[in-house]
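Participant: Mind having a look at this structure? Questions to follow.
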Amino acid sequence: MTADVDMQLDPTSQREIEAAAAAWEIAERKELQQDSLALLLRAYYQSLFPYKPYFQWLNYGPVAGPTFQHREFSFTLQNDIYIRFQSFKDAEDLRVELLRMCPVKIDIGAIYNAKPKDKKTLRQGAFQPLEKELVFDIDMTDYDEIRTCCSGGDICLKCWDFMTVAIKIIDRALRDDFGFKHRLWVYSGRRGVHCWVCDSRARRLDNEGRKAVVGWLEVVKGGVQKTRKVQLPATLPPSLQQAMHVLKEHFEESILRKQDVLGAPEQWRKVLDIIGDDNVRPALGKQWSSDDTQDSVQRWASLVKLLENPPNPRAKRTYSSHIARDIMFQYMYPRLDDKVTSQLNHLLKSPFCIHPKTGRVCVPIDAATCEQFNPLKVPVIEDLINEINAFDKQAESEAGSDSAATARRKVPDVEKTSLKPYVQMFKRFVSQLVKDEIKQNQATPRHKQVYF
Amino acid sequence: MFVNKGGKQRTSRAGWSGEGEVAIDPDYPTRLNFYQKAPLLEISIEEFEQFALDRLQVLKAIEAAQLRGRDEAEIFKQVEAVCRERMCLSASAGSMAIRHDERRKDHISHFILRLAYCRTEDLRSWFLRYECALFRHRLMAVDAAEKQRFIASLNLGHKQLSKKEKDLMRTELMASCAHIPNFNFENESFLEVNFEDALDLVQHRRVYLRNGYAYVPAMEQMALVIGEFKRRLAASLEMYAKALPRMDEDERLMPVLLNISRQNTGKEYTTDAVAGKVTADDVEPLSALFPLCMSHLHNGLRSEGHMKHGGRMQFGLFLKGIGLPLDEAIVYWRRAFHKSTDDEFQKKYVYNIRHNYGMEGKRADYTPYSCARIITSNQPGAGDHHGCPFRHFSPDNLRRELLVSGVDEADVQEMLQLVTGGHYQVACTRLFEVTQLARARQQGKAAANVASAETITHPNHYFEQAFNLMSPGKQQNGMEIESGANASQHAIGKRWRGSN
């Protein structure tokens, strides 16, 4: 032990020096980057951020009320300062503050019983969250033990399939099982997706209710030390039968071909560990290592076959063929960050934020056509600003300088950029939402809802 | 509720004769109670305390039975026994006066505990959990007629599906009931409720959900009633919590209530005055005395140079409990997160550590997690190392982890058996016996001359016992843990007496 410590001393101090040097370098580069990011953000908040629909969304109606004014916003500023419990009077107030502070990240929290910015003036414990959209956060890092193409913050089109499948499965369940109509899917800007369920019934769920929804949806359970994370009953409940259709549709292509999970021993060992039967495991391992011409699809077929007719008949009873089905769930079924969903006051990054590392806009995703969504083609802040400039320049060259100014003013900046379709999608979502909200409020007058 | 300082005094009611055979008590028509109305009567302060303590014993016994019980039937038997002893509710036997007194006690004691347990989030959730368990137990214990009478009196307004509607959803309803043994679809009726009214069933996927409605087989109606009970009690506890500071009380109740609510938390492991004696350097040598969950976290942290939030909470608070002060904790975590830059560490993790020590946010002084909490709440997800190894590991991995810690095959088998039966803490105690206790015995420690160890209820409890076994006062030879620990032993030895 003592010897160990001695030996480790040197490399540690060495490492520290290196780390310090690297940190210095990063800091220098960062400063440069941050300067330009600050300018870009100002331009974005000035002319591209969709204030009007954004306000209407969080206000659930055209006239500013407590739904918007009691909502918590949190800002992360450029120097990583994090400010919680911001709140705003209306869209204009929000705009002024965004331009003043230029946050690199905006988080949305719950609607409270008072204005969050007045929190400190209230008696301790008197400030309570009342409502929030039911939100989901699916993050690619939770698939790191499974995906073979990337890890950590990186994504590619191969692993994006996990998100596509997640959207399909969760969206269907929210719509058909729970009857939620207003589901806004948003790209998180880097490696995941968020979903905002905005129906009033969803917004009013308490922590217990949110936990129940998570329980209904959650299938993959357990930490690093749990090899078999899915154990479902022989007859799948109806909602999971629906999910199974989606899994079947994607499993071969995404998991066996693209991820190639049975391609190499270190990958297939993970699959075999799930089986946990000492007769099947070595048999398959041997077969697969002896024949490296087989691909994952063939290997999967032999696994399914062997599990249906295991070498010892007793195993058939214990580990029936459901295990192959459960492996499919473990490898493809959406993995939710349950704490984000089950806590009413949990914050989540706002749509139309700019991801500080990638510069991509957190744009809405149309669940119906989610297969066509390509995260790598999402507009980047720098390009958007360039698009505005290019548009203006072209307009200028086409017309005389006098009329060009008027022409420029006529076209809103968003429409000069590739952000346009996403803002339009968002507007459609919000107008439908507000329409339904008004209809509902006519049935139950607003004064009957409690705010204090 | 009024409290009468003097002797016992009972409200007398007109038209209440007492000895009726099957007469129904107008105050308490059944043994089941939703506790909708607070009792308006006088009660002596002695009775006040006695009632509360009796009910508390029942709730605590339920907690213990759930943690140790083998199966539903055994838990039921244990709970029934303690109910009979402390809080008997007779069906029809005995005089009506006796029945009235029993139900009155049930009623009053519930409301006293409500007051005592509404103060903090933790207390509320504990109370809610075991009150629901008690209610559930009673629902199962009473006969069908009484249960029906009670459910009817609630007017929950559950809509029953017509035969035609039921047939239209036949396939789905049957698939959603596949988990019920010997389910007879034709004889079963289904109720249509909002999914919010069947949360427990939704959470465990035990109903069919469509368009926001849950279709509940009538045999699961009990779950709906319990859900309703839970919802109302939770709402009322929130209301009590808000009202409590403004309650006009006469200074005799509050001390009693505080005392009652303190009874339940059991031993809390807090860093008290002698804190500051375990240093960041001591953690490594002391890790030989850690329970499996903590040594697993410790090893995971060392090999990955990172730990997710759940692990940081479980392990960080444990370290706090063994006496690692805030400044040392920051040193320890800074070294452990050797992959992060200083900047990143400062921004992402220091707040969290300071928060655990009550230096940020709402400045609550958090206490280490107990086994019960680790086993039942915050289940580990992808990439997580926290949790209870006996509860959350696959058998293969648990086996490997145990073999690595030097447990021999026969003992591993025994522990895996215990785990299969759901006795995680007993398995952990067994691990303590074959590792810590056996080693102390080998080294001839006087403290090790006991046949078996106390059941482990808290990771810090495990550490405390292991530490006491090895502490020098008894004998000097053969300490296997390194010098860093020796230096700090005297100081640590006294610290985990707990706060009660």
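Quick note on naming: the chains in the structure tokens go A, B, ... in the order shown, residues restart at 1 in each chain, and ligands are numbered from 1 in order of appearance.
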Compute the chain A side of the contact with chain B at 7 Å, counting only C-alpha atoms, and hand it back as a list in words.

Facilitator: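 Result: Ala19, Ala23, Asp142, Asp176, Asp177, Phe178, Gly179, Gly209, Ala212, Val213, Gly215, Trp216, Lys221, Gly222, Gly223, Val224, Gln225, Lys226, Thr227, Thr235, Leu236, Pro237 and Pro238 of chain A.
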
Participant: Would you put the residues from that selection into a file with N, CA and C atoms, as a PDB file, in the first residue's frame?

Facilitator:
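The resulting again.pdb:
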ATOM      1  N   ALA A  19      -2.660  19.085 -16.717  1.00  0.00           N
ATOM      2  CA  ALA A  19      -4.054  19.542 -16.679  1.00  0.00           C
ATOM      3  C   ALA A  19      -4.103  21.071 -16.593  1.00  0.00           C
ATOM      4  N   ALA A  23      -5.774  23.488 -19.196  1.00  0.00           N
ATOM      5  CA  ALA A  23      -6.856  24.381 -18.763  1.00  0.00           C
ATOM      6  C   ALA A  23      -6.571  25.820 -19.204  1.00  0.00           C
ATOM      7  N   ASP A 142     -27.292   7.627 -21.763  1.00  0.00           N
ATOM      8  CA  ASP A 142     -27.855   6.457 -21.105  1.00  0.00           C
ATOM      9  C   ASP A 142     -27.785   5.210 -21.981  1.00  0.00           C
ATOM     10  N   ASP A 176     -52.184   7.724 -27.136  1.00  0.00           N
ATOM     11  CA  ASP A 176     -53.256   6.730 -27.091  1.00  0.00           C
ATOM     12  C   ASP A 176     -53.595   6.278 -25.680  1.00  0.00           C
ATOM     13  N   ASP A 177     -52.582   6.072 -24.845  1.00  0.00           N
ATOM     14  CA  ASP A 177     -52.861   5.564 -23.503  1.00  0.00           C
ATOM     15  C   ASP A 177     -53.383   6.674 -22.602  1.00  0.00           C
ATOM     16  N   PHE A 178     -52.672   7.804 -22.581  1.00  0.00           N
ATOM     17  CA  PHE A 178     -53.044   8.860 -21.654  1.00  0.00           C
ATOM     18  C   PHE A 178     -53.961   9.908 -22.273  1.00  0.00           C
ATOM     19  N   GLY A 179     -54.117   9.875 -23.579  1.00  0.00           N
ATOM     20  CA  GLY A 179     -55.000  10.830 -24.231  1.00  0.00           C
ATOM     21  C   GLY A 179     -54.446  12.250 -24.280  1.00  0.00           C
ATOM     22  N   GLY A 209     -48.408  11.527  -9.528  1.00  0.00           N
ATOM     23  CA  GLY A 209     -48.960  11.270 -10.855  1.00  0.00           C
ATOM     24  C   GLY A 209     -47.866  11.144 -11.888  1.00  0.00           C
ATOM     25  N   ALA A 212     -46.174   7.894 -11.578  1.00  0.00           N
ATOM     26  CA  ALA A 212     -46.978   6.803 -12.129  1.00  0.00           C
ATOM     27  C   ALA A 212     -46.816   6.729 -13.647  1.00  0.00           C
ATOM     28  N   VAL A 213     -46.783   7.886 -14.295  1.00  0.00           N
ATOM     29  CA  VAL A 213     -46.606   7.897 -15.747  1.00  0.00           C
ATOM     30  C   VAL A 213     -45.238   7.299 -16.101  1.00  0.00           C
ATOM     31  N   GLY A 215     -43.597   5.143 -14.345  1.00  0.00           N
ATOM     32  CA  GLY A 215     -43.698   3.701 -14.100  1.00  0.00           C
ATOM     33  C   GLY A 215     -44.367   2.987 -15.262  1.00  0.00           C
ATOM     34  N   TRP A 216     -45.399   3.608 -15.802  1.00  0.00           N
ATOM     35  CA  TRP A 216     -46.127   3.019 -16.928  1.00  0.00           C
ATOM     36  C   TRP A 216     -45.210   2.873 -18.141  1.00  0.00           C
ATOM     37  N   LYS A 221     -34.663  -1.240 -16.341  1.00  0.00           N
ATOM     38  CA  LYS A 221     -34.409  -0.830 -14.955  1.00  0.00           C
ATOM     39  C   LYS A 221     -33.128  -1.455 -14.436  1.00  0.00           C
ATOM     40  N   GLY A 222     -32.360  -0.677 -13.705  1.00  0.00           N
ATOM     41  CA  GLY A 222     -31.188  -1.225 -13.026  1.00  0.00           C
ATOM     42  C   GLY A 222     -29.930  -0.500 -13.400  1.00  0.00           C
ATOM     43  N   GLY A 223     -28.948  -0.562 -12.509  1.00  0.00           N
ATOM     44  CA  GLY A 223     -27.687   0.144 -12.713  1.00  0.00           C
ATOM     45  C   GLY A 223     -26.662  -0.704 -13.425  1.00  0.00           C
ATOM     46  N   VAL A 224     -25.410  -0.270 -13.305  1.00  0.00           N
ATOM     47  CA  VAL A 224     -24.306  -0.926 -14.000  1.00  0.00           C
ATOM     48  C   VAL A 224     -24.218  -2.413 -13.644  1.00  0.00           C
ATOM     49  N   GLN A 225     -24.520  -2.734 -12.391  1.00  0.00           N
ATOM     50  CA  GLN A 225     -24.305  -4.105 -11.931  1.00  0.00           C
ATOM     51  C   GLN A 225     -25.490  -5.028 -12.204  1.00  0.00           C
ATOM     52  N   LYS A 226     -26.473  -4.511 -12.892  1.00  0.00           N
ATOM     53  CA  LYS A 226     -27.622  -5.363 -13.200  1.00  0.00           C
ATOM     54  C   LYS A 226     -27.494  -5.752 -14.668  1.00  0.00           C
ATOM     55  N   THR A 227     -27.275  -7.020 -14.961  1.00  0.00           N
ATOM     56  CA  THR A 227     -27.078  -7.392 -16.359  1.00  0.00           C
ATOM     57  C   THR A 227     -28.406  -7.506 -17.101  1.00  0.00           C
ATOM     58  N   THR A 235     -47.252 -12.616 -21.229  1.00  0.00           N
ATOM     59  CA  THR A 235     -48.159 -11.853 -22.099  1.00  0.00           C
ATOM     60  C   THR A 235     -47.883 -10.372 -21.888  1.00  0.00           C
ATOM     61  N   LEU A 236     -47.502  -9.711 -22.946  1.00  0.00           N
ATOM     62  CA  LEU A 236     -47.215  -8.284 -22.807  1.00  0.00           C
ATOM     63  C   LEU A 236     -48.516  -7.507 -22.624  1.00  0.00           C
ATOM     64  N   PRO A 237     -48.524  -6.527 -21.728  1.00  0.00           N
ATOM     65  CA  PRO A 237     -49.692  -5.645 -21.645  1.00  0.00           C
ATOM     66  C   PRO A 237     -49.847  -4.873 -22.965  1.00  0.00           C
ATOM     67  N   PRO A 238     -51.070  -4.435 -23.280  1.00  0.00           N
ATOM     68  CA  PRO A 238     -51.344  -3.846 -24.600  1.00  0.00           C
ATOM     69  C   PRO A 238     -50.378  -2.729 -25.006  1.00  0.00           C
TER      70      PRO A 238
END

Participant: Please list as number ranges by chain every residue within 10 Å of Glu97 in chain A, counting only C-alpha atoms and excluding residues in the same chain fewer than 3 positions away.

Facilitator: A: 45, 86-88, 92-94, 100-103

Participant: If we count only C-alpha atoms and set the cut-off at 9 Å, which residues sit around range 131-143 of chain B, ignoring sequence neighbours fewer than 4 positions away in its own chain? Please answer as a VMD selection string.

Facilitator: chain B and resid 31 to 34 58 to 59 62 to 63 76 79 to 80 91 110 126 to 127 147 to 148 222 to 223 226 to 227 229 to 230 233

Participant: With N, CA and C atoms kept, could you save the residues just selected as an mmCIF file, in the first residue's frame?

Facilitator:
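Output (again.cif):
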data_model
loop_
_atom_site.group_PDB
_atom_site.id
_atom_site.type_symbol
_atom_site.label_atom_id
_atom_site.label_comp_id
_atom_site.auth_asym_id
_atom_site.auth_seq_id
_atom_site.Cartn_x
_atom_site.Cartn_y
_atom_site.Cartn_z
ATOM 1 N N ARG B 31 -65.187 -0.460 10.601
ATOM 2 C CA ARG B 31 -63.853 -0.344 11.190
ATOM 3 C C ARG B 31 -62.932 0.485 10.294
ATOM 4 N N LEU B 32 -63.355 0.675 9.054
ATOM 5 C CA LEU B 32 -62.529 1.441 8.128
ATOM 6 C C LEU B 32 -62.874 2.910 8.226
ATOM 7 N N ASN B 33 -61.894 3.739 8.064
ATOM 8 C CA ASN B 33 -62.133 5.162 8.236
ATOM 9 C C ASN B 33 -61.257 5.934 7.260
ATOM 10 N N PHE B 34 -61.857 6.895 6.590
ATOM 11 C CA PHE B 34 -61.076 7.760 5.700
ATOM 12 C C PHE B 34 -60.554 8.986 6.450
ATOM 13 N N VAL B 58 -47.618 0.654 15.838
ATOM 14 C CA VAL B 58 -48.218 -0.129 14.754
ATOM 15 C C VAL B 58 -47.546 0.226 13.422
ATOM 16 N N LEU B 59 -47.409 1.524 13.170
ATOM 17 C CA LEU B 59 -46.820 1.934 11.884
ATOM 18 C C LEU B 59 -45.374 1.454 11.770
ATOM 19 N N ILE B 62 -45.242 -2.138 10.942
ATOM 20 C CA ILE B 62 -45.518 -2.397 9.528
ATOM 21 C C ILE B 62 -44.240 -2.185 8.715
ATOM 22 N N GLU B 63 -43.538 -1.113 9.025
ATOM 23 C CA GLU B 63 -42.284 -0.835 8.326
ATOM 24 C C GLU B 63 -41.316 -2.005 8.492
ATOM 25 N N PHE B 76 -48.720 -9.973 6.590
ATOM 26 C CA PHE B 76 -50.080 -9.789 7.078
ATOM 27 C C PHE B 76 -50.193 -10.296 8.511
ATOM 28 N N VAL B 79 -48.375 -7.971 10.980
ATOM 29 C CA VAL B 79 -49.079 -6.706 11.179
ATOM 30 C C VAL B 79 -50.337 -6.934 12.004
ATOM 31 N N GLU B 80 -51.032 -8.018 11.705
ATOM 32 C CA GLU B 80 -52.264 -8.336 12.421
ATOM 33 C C GLU B 80 -51.973 -8.485 13.924
ATOM 34 N N ALA B 91 -64.812 -6.458 15.257
ATOM 35 C CA ALA B 91 -65.849 -6.374 14.238
ATOM 36 C C ALA B 91 -67.203 -6.190 14.891
ATOM 37 N N HIS B 110 -54.905 8.768 14.817
ATOM 38 C CA HIS B 110 -54.541 9.138 13.450
ATOM 39 C C HIS B 110 -54.333 10.645 13.344
ATOM 40 N N TRP B 126 -43.101 9.506 5.153
ATOM 41 C CA TRP B 126 -43.054 8.290 5.975
ATOM 42 C C TRP B 126 -44.451 7.964 6.497
ATOM 43 N N PHE B 127 -45.092 8.971 7.064
ATOM 44 C CA PHE B 127 -46.409 8.777 7.651
ATOM 45 C C PHE B 127 -47.410 8.309 6.589
ATOM 46 N N LYS B 147 -66.640 -4.250 3.980
ATOM 47 C CA LYS B 147 -65.861 -3.523 2.979
ATOM 48 C C LYS B 147 -66.792 -2.868 1.963
ATOM 49 N N GLN B 148 -67.764 -3.625 1.491
ATOM 50 C CA GLN B 148 -68.705 -3.098 0.514
ATOM 51 C C GLN B 148 -69.468 -1.913 1.083
ATOM 52 N N MET B 222 -60.014 -2.275 -4.698
ATOM 53 C CA MET B 222 -59.342 -1.954 -3.455
ATOM 54 C C MET B 222 -58.197 -0.964 -3.699
ATOM 55 N N ALA B 223 -57.474 -1.188 -4.794
ATOM 56 C CA ALA B 223 -56.346 -0.301 -5.093
ATOM 57 C C ALA B 223 -56.845 1.127 -5.336
ATOM 58 N N ILE B 226 -57.618 2.624 -1.950
ATOM 59 C CA ILE B 226 -56.372 2.998 -1.265
ATOM 60 C C ILE B 226 -55.778 4.244 -1.913
ATOM 61 N N GLY B 227 -55.833 4.300 -3.238
ATOM 62 C CA GLY B 227 -55.316 5.467 -3.950
ATOM 63 C C GLY B 227 -56.028 6.738 -3.516
ATOM 64 N N PHE B 229 -57.611 7.167 -0.680
ATOM 65 C CA PHE B 229 -57.207 7.403 0.701
ATOM 66 C C PHE B 229 -55.888 8.170 0.728
ATOM 67 N N LYS B 230 -54.952 7.681 -0.086
ATOM 68 C CA LYS B 230 -53.621 8.270 -0.127
ATOM 69 C C LYS B 230 -53.684 9.711 -0.608
ATOM 70 N N LEU B 233 -55.212 11.969 2.039
ATOM 71 C CA LEU B 233 -54.329 12.151 3.191
ATOM 72 C C LEU B 233 -53.144 13.042 2.814
#
